[in-house]
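protein_20.csv (CSV, C-alpha atoms) appears below.
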```csv
chain,number,residue,atom,x,y,z
O,26,MET,CA,26.3,-15.8,10.3
O,27,ASN,CA,27.1,-17.2,13.7
O,28,ASN,CA,27.7,-13.9,15.3
O,29,ILE,CA,24.5,-12.5,13.9
O,30,PHE,CA,22.5,-15.3,15.3
O,31,TYR,CA,24.0,-15.1,18.8
O,32,ILE,CA,23.8,-11.3,19.0
O,33,SER,CA,20.2,-11.2,17.8
O,34,ALA,CA,19.4,-14.0,20.2
O,35,ILE,CA,20.7,-12.0,23.2
O,36,VAL,CA,18.8,-8.9,22.0
O,37,ALA,CA,15.6,-11.0,21.6
O,38,ILE,CA,15.9,-12.4,25.1
O,39,ILE,CA,16.6,-9.1,26.8
O,40,SER,CA,13.8,-7.2,25.0
O,41,SER,CA,11.4,-10.0,25.7
O,42,LEU,CA,12.2,-9.8,29.4
O,43,MET,CA,11.6,-6.0,29.1
O,44,VAL,CA,8.2,-6.6,27.5
O,45,ILE,CA,6.9,-8.6,30.4
O,46,THR,CA,8.2,-6.3,33.1
O,47,ARG,CA,7.2,-2.9,32.0
O,48,ARG,CA,4.4,-0.9,33.7
O,49,ASN,CA,3.7,1.4,30.8
O,50,ALA,CA,1.9,-0.3,27.9
O,51,ILE,CA,3.5,1.7,25.2
O,52,HIS,CA,7.0,0.9,26.5
O,53,ALA,CA,6.2,-2.8,26.5
O,54,LEU,CA,4.9,-2.5,23.0
O,55,LEU,CA,8.0,-0.8,21.8
O,56,TYR,CA,10.2,-3.5,23.4
O,57,LEU,CA,7.9,-6.1,21.6
O,58,VAL,CA,8.8,-4.4,18.3
O,59,LEU,CA,12.5,-4.7,19.2
O,60,SER,CA,12.0,-8.4,20.0
O,61,LEU,CA,10.3,-9.1,16.7
O,62,LEU,CA,13.0,-7.2,14.8
O,63,SER,CA,15.7,-9.3,16.4
O,64,VAL,CA,13.8,-12.6,15.7
O,65,ALA,CA,13.6,-11.4,12.1
O,66,GLY,CA,17.4,-11.1,12.2
O,67,ILE,CA,17.6,-14.7,13.5
O,68,PHE,CA,15.4,-15.8,10.6
O,69,TYR,CA,17.8,-14.1,8.2
O,70,SER,CA,20.8,-15.8,9.8
O,71,LEU,CA,19.1,-19.1,9.2
O,72,GLY,CA,18.7,-18.4,5.5
O,73,ALA,CA,15.0,-17.7,5.7
O,74,ALA,CA,14.9,-14.2,4.4
O,75,TYR,CA,11.3,-14.4,3.2
O,76,ALA,CA,10.1,-15.3,6.7
O,77,ALA,CA,12.2,-12.4,8.1
O,78,ILE,CA,10.5,-9.9,5.8
O,79,MET,CA,7.1,-11.3,6.5
O,80,GLU,CA,7.7,-11.0,10.2
O,81,ILE,CA,8.7,-7.4,10.0
O,82,ILE,CA,5.9,-6.4,7.7
O,83,ILE,CA,3.0,-8.3,9.2
O,84,TYR,CA,3.9,-9.0,12.8
O,85,ALA,CA,5.9,-5.8,13.8
O,86,GLY,CA,4.1,-3.6,11.2
O,87,ALA,CA,0.5,-4.6,11.5
O,88,ILE,CA,-0.2,-6.6,14.7
O,89,VAL,CA,1.7,-4.4,17.1
O,90,ILE,CA,0.2,-1.4,15.4
O,91,LEU,CA,-3.2,-2.8,16.3
O,92,PHE,CA,-2.1,-3.0,19.9
O,93,VAL,CA,-0.8,0.6,19.8
O,94,PHE,CA,-4.2,1.8,18.4
O,95,VAL,CA,-6.1,0.0,21.1
O,96,VAL,CA,-3.8,1.5,23.8
O,97,MET,CA,-4.3,5.0,22.3
O,98,MET,CA,-8.1,4.6,22.1
O,99,LEU,CA,-8.5,3.2,25.6
O,100,ASN,CA,-6.0,5.6,27.2
O,101,ILE,CA,-4.9,3.1,29.8
O,102,SER,CA,-1.2,4.0,29.9
O,103,GLN,CA,-0.3,6.5,32.6
O,104,SER,CA,2.0,8.4,30.2
O,105,LEU,CA,0.1,11.6,30.7
O,106,LYS,CA,1.3,12.0,34.2
O,107,GLU,CA,4.8,10.7,33.5
O,108,GLU,CA,5.5,12.7,30.4
O,109,LYS,CA,8.1,14.8,32.2
O,110,LEU,CA,10.0,11.7,33.3
O,111,SER,CA,9.9,9.7,30.1
O,112,THR,CA,12.6,11.9,28.5
O,113,SER,CA,15.0,11.2,31.2
O,114,LEU,CA,18.1,9.0,30.6
O,115,LYS,CA,17.0,5.9,32.5
O,116,TYR,CA,14.2,5.3,30.0
O,117,TRP,CA,16.4,5.8,27.0
O,118,ILE,CA,19.5,3.8,27.9
O,119,ILE,CA,18.4,0.2,27.5
O,120,PRO,CA,16.4,0.7,24.2
O,121,THR,CA,19.3,2.7,22.8
O,122,ILE,CA,21.8,0.1,23.6
O,123,LEU,CA,19.7,-2.7,22.1
O,124,ALA,CA,18.9,-0.7,19.0
O,125,LEU,CA,22.6,0.1,18.5
O,126,ILE,CA,23.5,-3.6,18.8
O,127,LEU,CA,21.0,-4.4,16.1
O,128,ILE,CA,22.3,-1.6,13.8
O,129,GLY,CA,25.9,-2.7,14.5
O,130,GLU,CA,25.3,-6.2,13.4
O,131,PHE,CA,23.4,-5.0,10.3
O,132,VAL,CA,26.4,-2.9,9.3
O,133,TYR,CA,28.7,-5.8,10.1
O,134,ALA,CA,26.7,-8.2,7.9
O,135,LEU,CA,26.7,-5.7,5.0
O,136,PHE,CA,30.3,-4.8,5.0
O,137,LYS,CA,32.1,-8.0,5.6
O,138,LYS,CA,35.2,-8.5,3.4
O,139,ASN,CA,34.5,-12.0,2.3
O,140,ALA,CA,31.2,-12.8,0.7
O,141,ILE,CA,28.5,-14.1,3.0
O,142,VAL,CA,28.8,-17.7,1.8
O,143,SER,CA,28.0,-20.3,4.3
O,144,THR,CA,26.8,-23.8,4.4
O,145,ILE,CA,23.3,-22.6,5.0
O,146,SER,CA,21.3,-22.7,1.8
O,147,ALA,CA,19.0,-19.8,1.6
O,148,ILE,CA,15.4,-20.7,1.0
O,149,GLY,CA,14.0,-17.9,-0.9
O,150,ALA,CA,10.5,-16.6,-1.7
O,151,LYS,CA,10.2,-18.5,-4.9
O,152,GLU,CA,10.4,-21.9,-3.3
O,153,VAL,CA,8.1,-20.8,-0.5
O,154,GLY,CA,5.6,-19.5,-3.0
O,155,ILE,CA,5.7,-22.7,-5.1
O,156,THR,CA,5.2,-24.9,-2.0
O,157,MET,CA,2.5,-22.7,-0.6
O,158,PHE,CA,0.4,-22.8,-3.7
O,159,SER,CA,0.9,-26.4,-4.7
O,160,THR,CA,1.2,-28.5,-1.6
O,161,TYR,CA,-0.5,-26.3,0.9
O,162,LEU,CA,-3.2,-24.8,-1.3
O,163,ILE,CA,-6.1,-25.8,0.9
O,164,VAL,CA,-4.4,-24.4,4.0
O,165,VAL,CA,-4.0,-21.0,2.2
O,166,GLU,CA,-7.7,-21.0,1.4
O,167,LEU,CA,-8.5,-21.9,5.0
O,168,ALA,CA,-6.3,-19.1,6.2
O,169,GLY,CA,-8.3,-16.8,4.1
O,170,VAL,CA,-11.5,-18.0,5.6
O,171,LEU,CA,-10.1,-17.7,9.0
O,172,LEU,CA,-9.1,-14.1,8.4
O,173,LEU,CA,-12.6,-13.4,7.0
O,174,ALA,CA,-14.0,-14.8,10.2
O,175,GLY,CA,-11.7,-12.6,12.2
O,176,ILE,CA,-12.7,-9.5,10.3
O,177,VAL,CA,-16.5,-10.2,10.7
O,178,GLY,CA,-16.0,-11.1,14.4
O,179,ALA,CA,-14.1,-8.0,15.1
O,180,TYR,CA,-16.6,-5.8,13.3
O,181,HIS,CA,-19.5,-7.4,15.1
O,182,LEU,CA,-17.9,-7.0,18.5
O,183,GLY,CA,-17.0,-3.4,17.8
O,184,ARG,CA,-20.4,-2.2,16.9
O,185,THR,CA,-22.1,0.1,19.4
O,186,LYS,CA,-25.3,1.1,17.8
O,187,LYS,CA,-28.6,-0.3,18.9
O,188,ARG,CA,-30.8,-1.2,16.0
O,189,ASN,CA,-34.5,-0.8,16.1
O,190,LEU,CA,-35.6,-3.7,14.0
O,191,HIS,CA,-39.4,-3.5,14.1
O,192,ARG,CA,-41.6,-0.6,13.5
O,193,TYR,CA,-43.9,-1.4,16.4
O,194,ASN,CA,-41.0,-0.8,18.8
O,195,LEU,CA,-40.8,2.8,17.9
O,196,PRO,CA,-42.6,5.3,20.1
O,197,ALA,CA,-46.1,5.9,18.8
O,198,ASN,CA,-45.9,9.7,18.3
O,199,SER,CA,-42.9,9.6,16.0
O,200,VAL,CA,-44.3,7.3,13.3
O,201,GLU,CA,-46.5,9.0,10.8
O,202,GLU,CA,-49.0,7.6,8.4
O,203,GLY,CA,-46.9,5.5,6.1
O,204,ASP,CA,-44.4,7.9,4.7
O,205,LYS,CA,-41.8,7.5,7.3
O,206,LYS,CA,-39.1,5.0,6.6
O,207,PRO,CA,-38.5,2.3,9.2
O,208,ASN,CA,-35.6,3.0,11.4
O,209,ASP,CA,-33.7,-0.2,10.8
O,210,SER,CA,-30.9,0.8,8.5
O,211,ILE,CA,-27.5,-0.3,9.6
O,212,PHE,CA,-26.1,3.2,8.9
O,213,SER,CA,-28.6,4.9,11.2
O,214,ASP,CA,-27.2,7.1,13.9
R,27,MET,CA,24.7,-25.7,9.5
R,28,ASN,CA,27.1,-23.5,11.4
R,29,ILE,CA,24.9,-23.1,14.5
R,30,PRO,CA,24.1,-26.2,16.5
R,31,ILE,CA,20.4,-27.0,16.3
R,32,GLU,CA,20.3,-27.3,20.1
R,33,HIS,CA,21.2,-23.6,20.5
R,34,GLN,CA,18.5,-22.5,18.1
R,35,LEU,CA,15.8,-24.6,19.8
R,36,LEU,CA,17.0,-23.5,23.2
R,37,LEU,CA,16.5,-19.9,22.1
R,38,ALA,CA,13.0,-20.6,21.0
R,39,GLY,CA,12.3,-22.4,24.3
R,40,ILE,CA,13.6,-19.5,26.3
R,41,LEU,CA,11.5,-17.0,24.4
R,42,PHE,CA,8.4,-19.3,24.9
R,43,ILE,CA,9.1,-19.5,28.6
R,44,ILE,CA,9.5,-15.8,28.9
R,45,GLY,CA,6.1,-15.3,27.1
R,46,LEU,CA,4.5,-17.9,29.4
R,47,THR,CA,5.9,-16.2,32.5
R,48,GLY,CA,4.4,-12.9,31.3
R,49,LEU,CA,1.1,-14.6,30.6
R,50,LEU,CA,1.0,-16.1,34.1
R,51,VAL,CA,2.2,-13.1,36.1
R,52,ARG,CA,0.5,-10.1,34.5
R,53,ARG,CA,-3.1,-9.3,35.4
R,54,ASN,CA,-3.7,-6.7,32.8
R,55,LEU,CA,-5.4,-8.2,29.7
R,56,LEU,CA,-3.4,-6.2,27.2
R,57,PHE,CA,-0.1,-7.5,28.7
R,58,MET,CA,-1.4,-11.0,28.7
R,59,LEU,CA,-2.1,-10.6,25.0
R,60,MET,CA,1.4,-9.3,24.4
R,61,SER,CA,2.9,-12.3,26.1
R,62,LEU,CA,0.7,-14.5,24.0
R,63,GLU,CA,2.2,-12.8,20.9
R,64,LEU,CA,5.7,-13.6,22.2
R,65,MET,CA,4.7,-17.3,22.6
R,66,MET,CA,3.3,-17.5,19.1
R,67,ASN,CA,6.4,-15.8,17.7
R,68,SER,CA,8.6,-18.4,19.4
R,69,ALA,CA,6.4,-21.2,18.0
R,70,GLY,CA,6.9,-19.8,14.5
R,71,LEU,CA,10.6,-19.6,15.2
R,72,VAL,CA,10.7,-23.4,15.9
R,73,PHE,CA,9.0,-24.0,12.5
R,74,VAL,CA,11.5,-21.8,10.6
R,75,ILE,CA,14.4,-23.5,12.5
R,76,ALA,CA,13.0,-26.9,11.4
R,77,GLY,CA,12.6,-25.8,7.8
R,78,ALA,CA,16.1,-24.5,7.6
R,79,TYR,CA,17.5,-27.6,9.2
R,80,LEU,CA,15.8,-29.9,6.8
R,81,ASN,CA,16.4,-27.6,3.8
R,82,GLN,CA,12.7,-27.4,3.0
R,83,PRO,CA,10.5,-24.4,2.4
R,84,ASP,CA,7.7,-26.0,4.5
R,85,GLY,CA,9.0,-24.3,7.7
R,86,GLN,CA,8.5,-20.8,6.3
R,87,VAL,CA,5.1,-21.8,4.9
R,88,MET,CA,4.0,-22.9,8.3
R,89,PHE,CA,5.3,-19.7,9.8
R,90,ILE,CA,3.2,-17.6,7.4
R,91,PHE,CA,0.1,-19.6,8.5
R,92,ILE,CA,1.0,-19.0,12.1
R,93,LEU,CA,1.2,-15.3,11.2
R,94,ALA,CA,-2.3,-15.4,9.7
R,95,VAL,CA,-3.7,-17.1,12.8
R,96,ALA,CA,-2.0,-14.6,15.1
R,97,ALA,CA,-3.4,-11.7,13.1
R,98,ALA,CA,-7.0,-13.0,13.2
R,99,GLU,CA,-6.7,-13.9,16.9
R,100,VAL,CA,-5.3,-10.4,17.8
R,101,SER,CA,-8.0,-8.6,16.0
R,102,VAL,CA,-10.8,-10.5,17.8
R,103,ALA,CA,-9.0,-10.4,21.1
R,104,LEU,CA,-8.5,-6.6,20.9
R,105,ALA,CA,-12.2,-6.2,20.1
R,106,LEU,CA,-12.9,-8.1,23.3
R,107,VAL,CA,-10.4,-5.9,25.2
R,108,ILE,CA,-12.3,-2.8,24.0
R,109,LEU,CA,-15.6,-4.3,25.0
R,110,MET,CA,-14.2,-5.1,28.5
R,111,HIS,CA,-12.8,-1.7,28.9
R,112,LYS,CA,-16.2,-0.2,28.0
R,113,HIS,CA,-17.9,-2.4,30.6
R,114,PHE,CA,-15.5,-2.4,33.5
R,115,LYS,CA,-13.5,0.8,32.9
R,116,ASN,CA,-10.3,-1.1,33.6
R,117,LEU,CA,-8.5,-4.1,32.2
R,118,ASN,CA,-7.9,-6.1,35.3
R,119,THR,CA,-8.7,-9.7,34.8
R,120,LYS,CA,-10.0,-10.2,38.3
R,121,ASN,CA,-13.1,-8.5,37.1
R,122,LEU,CA,-13.8,-11.5,34.8
R,123,ASN,CA,-15.1,-13.7,37.6
R,124,LEU,CA,-18.7,-14.3,36.7
R,125,LEU,CA,-18.2,-18.0,36.0
R,126,LYS,CA,-16.7,-18.8,39.4
```

Could you rewrite the structure in this file as structure tokens?
Amino acid sequence: MNNIFYISAIVAIISSLMVITRRNAIHALLYLVLSLLSVAGIFYSLGAAYAAIMEIIIYAGAIVILFVFVVMMLNISQSLKEEKLSTSLKYWIIPTILALILIGEFVYALFKKNAIVSTISAIGAKEVGITMFSTYLIVVELAGVLLLAGIVGAYHLGRTKKRNLHRYNLPANSVEEGDKKPNDSIFSD
Amino acid sequence: MNIPIEHQLLLAGILFIIGLTGLLVRRNLLFMLMSLELMMNSAGLVFVIAGAYLNQPDGQVMFIFILAVAAAEVSVALALVILMHKHFKNLNTKNLNLLK
């Protein structure tokens, strides 16, 4: 497990350096995914397999996807002009080397001759679950409330429609004698 | 533990400093948020290191809570990024100077 830790550490450092130095937003996001995957490898080498899986699923699989969606919506990366250049070798060489290092250590960890028995005691999902729902129960509920606040806040900030709340704000010639519904539905276009 | 605890904490510190450098150097708001994610990830790494060192599951529990906080923060921050882009048409933070 020593080698897995040090190799994943080097990959994490290199890809984090690449995250902060790229010009293209999508390139930086892909290096961020690589950094998160290598940190997940570090978690696994410490015996925290549950944290590794949660990092991959939630962090690299949902939060970075949010970033990618925003970059796609806002169209801020200049990849349209550089599409011809992004298939050249100098864009591929570093990510390929880093990804091959990660795959190599994954294969090494799976096919070692002796069993992977070390002095690290693996703390699995069962103990984490028992602790989370007995000792830290209040924090779990508070995290749920926080996520609810995040959802409501993001929804409110992302709304674009103006709402006409009062009937007297409507122009006079479009309101008829009492059989027209007020224009204050939140689903109005 | 096979790996010395100083090496693990040093790695977490290096990742945190890299994220901090990215936050201070970049002017694009999206890249600043990415560097912030790197910093939060390294903070979670410190918690998992401590949990593995003390043989308690509390480290992973704190890491899951950090994950939840990061998810909520990213969703609100990206909504603000979208609003800023709609208003300024670019994401340069030197446009955000109304409070000077």

Of the listed residues R:Ala97, R:Lys120, R:Ile40, R:Asp84, that which approaches Ala174 (chain O) most closely, counting only C-alpha atoms: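 Distance minimum relative to Ala174 (chain O) lands on R:Ala97.
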
Close residues, region 76-79 of chain R itself excluded, 10 Å, only C-alpha atoms, min 6 positions apart in chain, as a ChimeraX atom specification: /O:68,71-73,145-148 /R:27,30-31,34-35,70,85-89

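Among O:Ile38, O:Ile29, O:Met43, O:Leu123, the residue with the shortest atom-to-atom distance to chain R, counting only C-alpha atoms, is O:Ile38.
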
Identify all chain R residues at most 9 Å from chain O by counting all atoms listed in the file; ligands do not count. Present them as a count of residues only. 60

Out of R:Ala69, R:Leu124, R:Met110, R:Leu80, which residue has the shortest atom-to-atom distance to Gly39 (chain R) when counting all atoms listed in the file?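 Selected residue with least distance to Gly39 (chain R): R:Ala69.
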
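Taking CA of Glu32 (chain R) as the reference point, CA of Leu125 (chain O) is found at 27.5 Å.
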